[in-house]
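Contents: one structure, followed by commentary.
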Amino acid sequence: MLFSDIVGFTSICSTATPFMVISMLEMLYKDFDEFCGFFDVYKVETIGDAYCVASGLHRAGIYDAHKVAWMALRMIDACSKHNTHDGQHIKMRIGIHTGTVLAGVVGRKMPRYCLFGHNVTIANKFESGSVECKINISPTTKNWLIKHDDYNNFDLHARDPSCLPKEYTNAEGTCYFLEGYSHPTVECDAKVEHHIEAAMNQINETN
Ligand SMILES: *[C@@H]1O[C@H](CO)[C@@H](O)[C@H](O)[C@H]1NC(C)=O
């Protein structure tokens with residue numbers, strides 16, 4: 001699961017018209033929605049400036065954490081290409097966690113596919129424990145990433161264990177900032193999207 005939010009959204013809204021806010025979210029989410037299609041991850045319905053996705057809900061694979069991590073890198077990259085109404089770059093904060101959740105449709109009026117469980121709350125806490133333009137990765141997600149990563153392609157920076165959310169109780173390991181990704185077949189200085197595309201081609205071939 002990935003949770004994200006726009007840093008300073010309330011203050012952006014305080015000086016913008018509702019139309020300006022909607023236009024900003026519209027151009028940003030248009031990009032994000034395309035990424036969801038590309039990575040085949042599920043967009044979880046939310047309100048306001050939170051954008052959440054999940055992978056592996058209907059069929060668990062070994063690359064679900066990878067897809068969500070790549071999605072996060074593309075999201076941070078996309079933010080730098082869009083501005084707020086007062087000309088600032090949009091800054092997002094992202095958190096990712098992996099675990100079992102309950103998913104389903106509850107009720108009869110306006111039925112929606114929703115996620116439930118402590119691991120959803122924890123994923124949200126990894127987001128609030130992140131900082132602007134950074135992707136905060138839980139210890140569980142980090143283990144999934146390195147378990148199926150022959151070339152050590154994810155650029156992960158360990159944070160102090162005090163940065164772990166207090167709700168995260170199986171306190172083994174620490175959280176990480178995901179700073180980048182490089183695929184061995186792509187030139188080092190190529191854009192991150194090309195590195196990710198090469199990786200996606202590779203896993204789509206083998207599956
Ligand atoms: C969270 O996910 C882990 C790993 O799948 C699982 O062992 C644990 O039971 C989950 N926690 C809850 C409260 O569902």
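Residue names in the structure tokens use chain letters A, B, ... in the order shown, residue numbers from 1 in each chain, and ligand numbers from 1 in the order shown.
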Would you mind listing the residues within 6 Å of ligand 1, counting only C-alpha atoms and all ligand atoms, as a list in words?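 The neighbouring residues of ligand 1 are, in order, Gly99, Thr100, Val101, Gly117, His118 and Asn119 of chain A.
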Write to file, as a short mmCIF file (atom, residue, chain, number, x, y, z; two decimals), in the first residue's frame, the residues of the selection just made, with C-alpha atoms.
```
data_model
loop_
_atom_site.label_atom_id
_atom_site.label_comp_id
_atom_site.auth_asym_id
_atom_site.auth_seq_id
_atom_site.Cartn_x
_atom_site.Cartn_y
_atom_site.Cartn_z
CA GLY A 99 1.03 -6.57 4.92
CA THR A 100 -2.22 -8.47 4.92
CA VAL A 101 -5.43 -6.40 4.80
CA GLY A 117 -7.14 -3.45 8.91
CA HIS A 118 -4.28 -2.44 11.11
CA ASN A 119 -1.81 -2.68 8.22
#
```
Proximity check region 17-125 of chain A to region 149-162 of chain A, 10 Å, nearest pairs one decimal Å, only C-alpha atoms, as a Markdown table:
```
| residue | atom | partner | partner_atom | distance |
| --- | --- | --- | --- | --- |
| A:Tyr63 | CA | A:Asp149 | CA | 9.6 |
| A:His66 | CA | A:Asp149 | CA | 9.1 |
| A:Ala69 | CA | A:Phe154 | CA | 9.1 |
| A:Trp70 | CA | A:Phe154 | CA | 9.5 |
```
For the residues in that selection, give me C-alpha atoms as a PDB file, in the first residue's frame.
```pdb
ATOM      1  CA  TYR A  63       6.780  -7.859  -7.462  1.00  0.00           C
ATOM      2  CA  HIS A  66       8.410  -3.214  -6.501  1.00  0.00           C
ATOM      3  CA  ALA A  69       7.877   1.581  -5.079  1.00  0.00           C
ATOM      4  CA  TRP A  70       8.311   2.428  -8.782  1.00  0.00           C
TER       5      TRP A  70
END
```
Contact residues around Val131 (chain A) with only C-alpha atoms at 12 Å, ignoring same-chain residues under 4 positions, as a ChimeraX atom specification: /A:4-8,76,91-95,125-127,135-137,159,163,176-178
Residue selection dump (N, CA, C and O atoms) as a compact mmCIF listing (two decimals), in the first residue's frame:
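The resulting result_9.txt:
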```txt
# COMPACT_ATOMS: atom_id res chain seq x y z
N SER A 4 -0.10 8.87 0.06
CA SER A 4 0.61 10.10 -0.24
C SER A 4 -0.24 11.29 0.14
O SER A 4 -1.47 11.18 0.21
N ASP A 5 0.41 12.41 0.40
CA ASP A 5 -0.35 13.66 0.50
C ASP A 5 0.52 14.84 0.08
O ASP A 5 1.74 14.71 -0.03
N ILE A 6 -0.15 15.95 -0.19
CA ILE A 6 0.57 17.14 -0.65
C ILE A 6 0.94 17.96 0.59
O ILE A 6 0.08 18.31 1.39
N VAL A 7 2.23 18.23 0.72
CA VAL A 7 2.71 19.00 1.87
C VAL A 7 2.22 20.44 1.73
O VAL A 7 2.34 21.04 0.66
N GLY A 8 1.62 20.97 2.79
CA GLY A 8 1.13 22.35 2.77
C GLY A 8 -0.17 22.53 2.01
O GLY A 8 -0.48 23.64 1.56
N ILE A 76 6.82 11.20 -7.36
CA ILE A 76 7.71 12.28 -6.90
C ILE A 76 8.26 13.04 -8.11
O ILE A 76 8.32 14.27 -8.12
N LYS A 91 4.87 19.56 -3.68
CA LYS A 91 5.72 18.65 -2.90
C LYS A 91 4.84 17.60 -2.23
O LYS A 91 3.93 17.92 -1.49
N MET A 92 5.16 16.34 -2.52
CA MET A 92 4.38 15.26 -1.91
C MET A 92 5.23 14.52 -0.90
O MET A 92 6.45 14.53 -0.96
N ARG A 93 4.52 13.86 -0.03
CA ARG A 93 5.15 13.04 0.99
C ARG A 93 4.51 11.67 0.83
O ARG A 93 3.29 11.58 0.68
N ILE A 94 5.35 10.62 0.78
CA ILE A 94 4.82 9.28 0.49
C ILE A 94 5.30 8.28 1.55
O ILE A 94 6.43 8.37 2.04
N GLY A 95 4.43 7.32 1.88
CA GLY A 95 4.80 6.22 2.75
C GLY A 95 4.32 4.90 2.16
O GLY A 95 3.25 4.85 1.54
N LYS A 125 0.58 5.68 8.58
CA LYS A 125 1.53 6.26 9.53
C LYS A 125 2.92 6.41 8.91
O LYS A 125 3.66 7.32 9.25
N PHE A 126 3.27 5.49 8.01
CA PHE A 126 4.56 5.65 7.33
C PHE A 126 4.54 6.88 6.43
O PHE A 126 5.56 7.52 6.22
N GLU A 127 3.36 7.22 5.94
CA GLU A 127 3.21 8.45 5.15
C GLU A 127 3.37 9.67 6.05
O GLU A 127 4.14 10.59 5.73
N ILE A 135 10.13 9.27 0.03
CA ILE A 135 9.34 8.05 0.08
C ILE A 135 9.83 7.24 1.28
O ILE A 135 10.97 6.78 1.29
N ASN A 136 8.98 7.12 2.27
CA ASN A 136 9.32 6.41 3.52
C ASN A 136 8.87 4.94 3.40
O ASN A 136 7.69 4.67 3.21
N ILE A 137 9.82 4.02 3.49
CA ILE A 137 9.56 2.60 3.25
C ILE A 137 9.60 1.84 4.58
O ILE A 137 10.54 1.98 5.34
N ARG A 159 16.98 5.06 7.87
CA ARG A 159 16.69 6.17 8.78
C ARG A 159 16.86 5.68 10.21
O ARG A 159 16.94 4.47 10.45
N CYS A 163 12.36 6.91 13.87
CA CYS A 163 11.43 7.42 12.84
C CYS A 163 10.31 6.43 12.56
O CYS A 163 9.36 6.75 11.83
N TYR A 176 13.28 3.24 5.78
CA TYR A 176 14.25 3.69 4.77
C TYR A 176 13.63 4.78 3.91
O TYR A 176 12.42 4.77 3.66
N PHE A 177 14.47 5.66 3.40
CA PHE A 177 14.03 6.55 2.32
C PHE A 177 14.43 5.90 1.00
O PHE A 177 15.59 5.50 0.83
N LEU A 178 13.46 5.79 0.11
CA LEU A 178 13.75 5.29 -1.23
C LEU A 178 14.10 6.50 -2.09
O LEU A 178 13.28 7.40 -2.29
```
Fewer than 2 positions away in the same chain doesn't count, so skip those; otherwise give me all residues within 12 Å of Ile47 (chain A), counting only C-alpha atoms, as a PyMOL selection string. chain A and resi 4-5+25+44-45+49-52
Would you pick out the contacts of region 14-20 of chain A at 9 Å or less, using only C-alpha atoms, so that residues sharing its chain but fewer than 4 positions from it are not included, and give the list as a PyMOL selection string? chain A and resi 9-10+24-25+84-86
Could you take the residues named above and write them with C-alpha atoms, as a PDB file, in the first residue's frame?
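As a result, again-v5.pdb now contains:
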```
ATOM      1  CA  PHE A   9      -2.185  21.537   1.076  1.00  0.00           C
ATOM      2  CA  THR A  10      -4.209  23.527   3.620  1.00  0.00           C
ATOM      3  CA  MET A  24      -3.936  21.379  -9.733  1.00  0.00           C
ATOM      4  CA  LEU A  25      -5.215  18.002  -8.499  1.00  0.00           C
ATOM      5  CA  THR A  84       0.708  25.212  -7.550  1.00  0.00           C
ATOM      6  CA  HIS A  85      -1.310  28.343  -8.448  1.00  0.00           C
ATOM      7  CA  ASP A  86       1.400  30.536  -6.891  1.00  0.00           C
TER       8      ASP A  86
END
```
Mind checking DSSP for region 57-166 of chain A and telling me the alpha helix (DSSP H) residues as a ChimeraX atom specification? /A:64-79,118-128,139-147
For the residues in the current selection, export C-alpha atoms as an mmCIF file, in the first residue's frame.
```cif
data_model
loop_
_atom_site.group_PDB
_atom_site.id
_atom_site.type_symbol
_atom_site.label_atom_id
_atom_site.label_comp_id
_atom_site.auth_asym_id
_atom_site.auth_seq_id
_atom_site.Cartn_x
_atom_site.Cartn_y
_atom_site.Cartn_z
ATOM 1 C CA ASP A 64 3.882 -6.042 -5.782
ATOM 2 C CA ALA A 65 6.180 -4.029 -3.502
ATOM 3 C CA HIS A 66 8.410 -3.214 -6.501
ATOM 4 C CA LYS A 67 5.491 -1.867 -8.546
ATOM 5 C CA VAL A 68 4.318 0.351 -5.714
ATOM 6 C CA ALA A 69 7.877 1.581 -5.079
ATOM 7 C CA TRP A 70 8.311 2.428 -8.782
ATOM 8 C CA MET A 71 4.938 4.146 -8.749
ATOM 9 C CA ALA A 72 6.131 6.299 -5.825
ATOM 10 C CA LEU A 73 9.301 7.301 -7.696
ATOM 11 C CA ARG A 74 7.227 8.299 -10.737
ATOM 12 C CA MET A 75 4.865 10.296 -8.501
ATOM 13 C CA ILE A 76 7.710 12.281 -6.901
ATOM 14 C CA ASP A 77 9.117 12.882 -10.375
ATOM 15 C CA ALA A 78 5.732 14.033 -11.722
ATOM 16 C CA CYS A 79 5.328 16.514 -8.849
ATOM 17 C CA HIS A 118 -4.282 -2.437 11.107
ATOM 18 C CA ASN A 119 -1.809 -2.684 8.222
ATOM 19 C CA VAL A 120 -3.756 0.050 6.378
ATOM 20 C CA THR A 121 -3.402 2.323 9.418
ATOM 21 C CA ILE A 122 0.304 1.494 9.614
ATOM 22 C CA ALA A 123 0.824 2.310 5.931
ATOM 23 C CA ASN A 124 -0.843 5.674 6.585
ATOM 24 C CA LYS A 125 1.530 6.262 9.528
ATOM 25 C CA PHE A 126 4.559 5.648 7.330
ATOM 26 C CA GLU A 127 3.212 8.447 5.149
ATOM 27 C CA SER A 128 2.809 10.888 8.040
ATOM 28 C CA PRO A 139 10.945 -2.551 7.162
ATOM 29 C CA THR A 140 8.490 -5.143 5.763
ATOM 30 C CA THR A 141 8.372 -3.468 2.353
ATOM 31 C CA LYS A 142 12.163 -3.109 2.337
ATOM 32 C CA ASN A 143 12.493 -6.870 2.866
ATOM 33 C CA TRP A 144 10.194 -7.581 -0.088
ATOM 34 C CA LEU A 145 12.174 -5.183 -2.265
ATOM 35 C CA ILE A 146 15.562 -6.705 -1.537
ATOM 36 C CA LYS A 147 14.311 -10.304 -1.592
#
```
As a PyMOL selection string, list the residues of region 23-175 of chain A assigned to strand (DSSP E or B) by DSSP on the backbone atoms of this structure. chain A and resi 42-44+51-54+83+89+92-96+102-105+113-116+135-137+154-158
Please produce a file of those selected residues containing N, CA and C atoms, as a PDB file, in the first residue's frame.
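Below you can see again18.pdb, which holds the result:
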```pdb
ATOM      1  N   TYR A  42      -3.836  -0.850  -8.078  1.00  0.00           N
ATOM      2  CA  TYR A  42      -5.212  -0.435  -7.855  1.00  0.00           C
ATOM      3  C   TYR A  42      -5.268   0.899  -7.109  1.00  0.00           C
ATOM      4  N   LYS A  43      -6.019   1.844  -7.666  1.00  0.00           N
ATOM      5  CA  LYS A  43      -6.186   3.142  -6.998  1.00  0.00           C
ATOM      6  C   LYS A  43      -7.309   3.015  -5.976  1.00  0.00           C
ATOM      7  N   VAL A  44      -6.986   3.275  -4.737  1.00  0.00           N
ATOM      8  CA  VAL A  44      -7.969   3.179  -3.657  1.00  0.00           C
ATOM      9  C   VAL A  44      -8.653   4.527  -3.526  1.00  0.00           C
ATOM     10  N   TYR A  51      -3.645  10.468  -2.181  1.00  0.00           N
ATOM     11  CA  TYR A  51      -3.731   9.554  -3.319  1.00  0.00           C
ATOM     12  C   TYR A  51      -3.133   8.233  -2.847  1.00  0.00           C
ATOM     13  N   CYS A  52      -3.928   7.155  -2.910  1.00  0.00           N
ATOM     14  CA  CYS A  52      -3.486   5.876  -2.358  1.00  0.00           C
ATOM     15  C   CYS A  52      -3.602   4.782  -3.402  1.00  0.00           C
ATOM     16  N   VAL A  53      -2.638   3.886  -3.409  1.00  0.00           N
ATOM     17  CA  VAL A  53      -2.721   2.728  -4.293  1.00  0.00           C
ATOM     18  C   VAL A  53      -2.331   1.468  -3.537  1.00  0.00           C
ATOM     19  N   ALA A  54      -2.775   0.333  -4.070  1.00  0.00           N
ATOM     20  CA  ALA A  54      -2.423  -0.956  -3.495  1.00  0.00           C
ATOM     21  C   ALA A  54      -2.144  -1.927  -4.623  1.00  0.00           C
ATOM     22  N   ASN A  83       3.079  22.770 -11.035  1.00  0.00           N
ATOM     23  CA  ASN A  83       3.160  23.853 -10.060  1.00  0.00           C
ATOM     24  C   ASN A  83       1.827  24.113  -9.392  1.00  0.00           C
ATOM     25  N   HIS A  89       6.675  24.440  -6.834  1.00  0.00           N
ATOM     26  CA  HIS A  89       6.568  23.025  -7.179  1.00  0.00           C
ATOM     27  C   HIS A  89       5.646  22.336  -6.173  1.00  0.00           C
ATOM     28  N   MET A  92       5.157  16.342  -2.516  1.00  0.00           N
ATOM     29  CA  MET A  92       4.380  15.257  -1.911  1.00  0.00           C
ATOM     30  C   MET A  92       5.229  14.524  -0.899  1.00  0.00           C
ATOM     31  N   ARG A  93       4.522  13.856  -0.032  1.00  0.00           N
ATOM     32  CA  ARG A  93       5.151  13.040   0.994  1.00  0.00           C
ATOM     33  C   ARG A  93       4.512  11.672   0.826  1.00  0.00           C
ATOM     34  N   ILE A  94       5.346  10.624   0.784  1.00  0.00           N
ATOM     35  CA  ILE A  94       4.823   9.282   0.492  1.00  0.00           C
ATOM     36  C   ILE A  94       5.299   8.281   1.546  1.00  0.00           C
ATOM     37  N   GLY A  95       4.429   7.325   1.882  1.00  0.00           N
ATOM     38  CA  GLY A  95       4.803   6.217   2.754  1.00  0.00           C
ATOM     39  C   GLY A  95       4.315   4.902   2.162  1.00  0.00           C
ATOM     40  N   ILE A  96       5.109   3.844   2.315  1.00  0.00           N
ATOM     41  CA  ILE A  96       4.736   2.532   1.772  1.00  0.00           C
ATOM     42  C   ILE A  96       4.919   1.451   2.847  1.00  0.00           C
ATOM     43  N   LEU A 102      -7.828  -6.560   4.842  1.00  0.00           N
ATOM     44  CA  LEU A 102      -9.117  -7.070   4.414  1.00  0.00           C
ATOM     45  C   LEU A 102      -9.638  -6.119   3.346  1.00  0.00           C
ATOM     46  N   ALA A 103     -10.111  -6.660   2.221  1.00  0.00           N
ATOM     47  CA  ALA A 103     -10.620  -5.804   1.155  1.00  0.00           C
ATOM     48  C   ALA A 103     -12.000  -6.280   0.753  1.00  0.00           C
ATOM     49  N   GLY A 104     -12.915  -5.353   0.549  1.00  0.00           N
ATOM     50  CA  GLY A 104     -14.247  -5.759   0.130  1.00  0.00           C
ATOM     51  C   GLY A 104     -15.217  -4.599   0.090  1.00  0.00           C
ATOM     52  N   VAL A 105     -16.441  -4.927  -0.297  1.00  0.00           N
ATOM     53  CA  VAL A 105     -17.498  -3.928  -0.432  1.00  0.00           C
ATOM     54  C   VAL A 105     -18.446  -4.093   0.753  1.00  0.00           C
ATOM     55  N   TYR A 113     -15.271  -0.530  -3.143  1.00  0.00           N
ATOM     56  CA  TYR A 113     -14.262  -1.511  -2.736  1.00  0.00           C
ATOM     57  C   TYR A 113     -13.286  -0.804  -1.788  1.00  0.00           C
ATOM     58  N   CYS A 114     -13.238  -1.252  -0.540  1.00  0.00           N
ATOM     59  CA  CYS A 114     -12.431  -0.559   0.473  1.00  0.00           C
ATOM     60  C   CYS A 114     -11.424  -1.506   1.109  1.00  0.00           C
ATOM     61  N   LEU A 115     -10.417  -0.922   1.725  1.00  0.00           N
ATOM     62  CA  LEU A 115      -9.415  -1.694   2.464  1.00  0.00           C
ATOM     63  C   LEU A 115      -9.579  -1.449   3.948  1.00  0.00           C
ATOM     64  N   PHE A 116      -9.410  -2.500   4.729  1.00  0.00           N
ATOM     65  CA  PHE A 116      -9.536  -2.396   6.181  1.00  0.00           C
ATOM     66  C   PHE A 116      -8.375  -3.103   6.861  1.00  0.00           C
ATOM     67  N   ILE A 135      10.133   9.273   0.027  1.00  0.00           N
ATOM     68  CA  ILE A 135       9.339   8.051   0.082  1.00  0.00           C
ATOM     69  C   ILE A 135       9.830   7.243   1.278  1.00  0.00           C
ATOM     70  N   ASN A 136       8.975   7.116   2.274  1.00  0.00           N
ATOM     71  CA  ASN A 136       9.317   6.409   3.517  1.00  0.00           C
ATOM     72  C   ASN A 136       8.868   4.943   3.399  1.00  0.00           C
ATOM     73  N   ILE A 137       9.817   4.017   3.488  1.00  0.00           N
ATOM     74  CA  ILE A 137       9.558   2.597   3.251  1.00  0.00           C
ATOM     75  C   ILE A 137       9.595   1.837   4.576  1.00  0.00           C
ATOM     76  N   PHE A 154      17.539  -0.818  -5.965  1.00  0.00           N
ATOM     77  CA  PHE A 154      16.850   0.244  -5.239  1.00  0.00           C
ATOM     78  C   PHE A 154      17.840   1.013  -4.380  1.00  0.00           C
ATOM     79  N   ASP A 155      17.756   2.319  -4.472  1.00  0.00           N
ATOM     80  CA  ASP A 155      18.638   3.175  -3.699  1.00  0.00           C
ATOM     81  C   ASP A 155      17.941   3.496  -2.372  1.00  0.00           C
ATOM     82  N   LEU A 156      18.298   2.738  -1.334  1.00  0.00           N
ATOM     83  CA  LEU A 156      17.615   2.851  -0.042  1.00  0.00           C
ATOM     84  C   LEU A 156      18.559   3.418   1.020  1.00  0.00           C
ATOM     85  N   HIS A 157      18.069   4.396   1.764  1.00  0.00           N
ATOM     86  CA  HIS A 157      18.869   5.015   2.817  1.00  0.00           C
ATOM     87  C   HIS A 157      18.215   4.781   4.162  1.00  0.00           C
ATOM     88  N   ALA A 158      18.906   4.064   5.037  1.00  0.00           N
ATOM     89  CA  ALA A 158      18.341   3.735   6.350  1.00  0.00           C
ATOM     90  C   ALA A 158      18.124   5.003   7.172  1.00  0.00           C
TER      91      ALA A 158
END
```
A:Leu2, A:Ala198, A:Thr174, A:Glu179: which is nearest Cys36 (chain A), counting only C-alpha atoms? A:Leu2
Measuring atom to atom with only C-alpha atoms, identify which of A:Phe3, A:Tyr168, A:Phe35, A:Tyr29 is nearest to Glu197 (chain A).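 Smallest separation from Glu197 (chain A) among the options: A:Phe35.
Rounded to one decimal, CA of Leu28 (chain A) and CA of His97 (chain A) lie 22.8 Å from each other.
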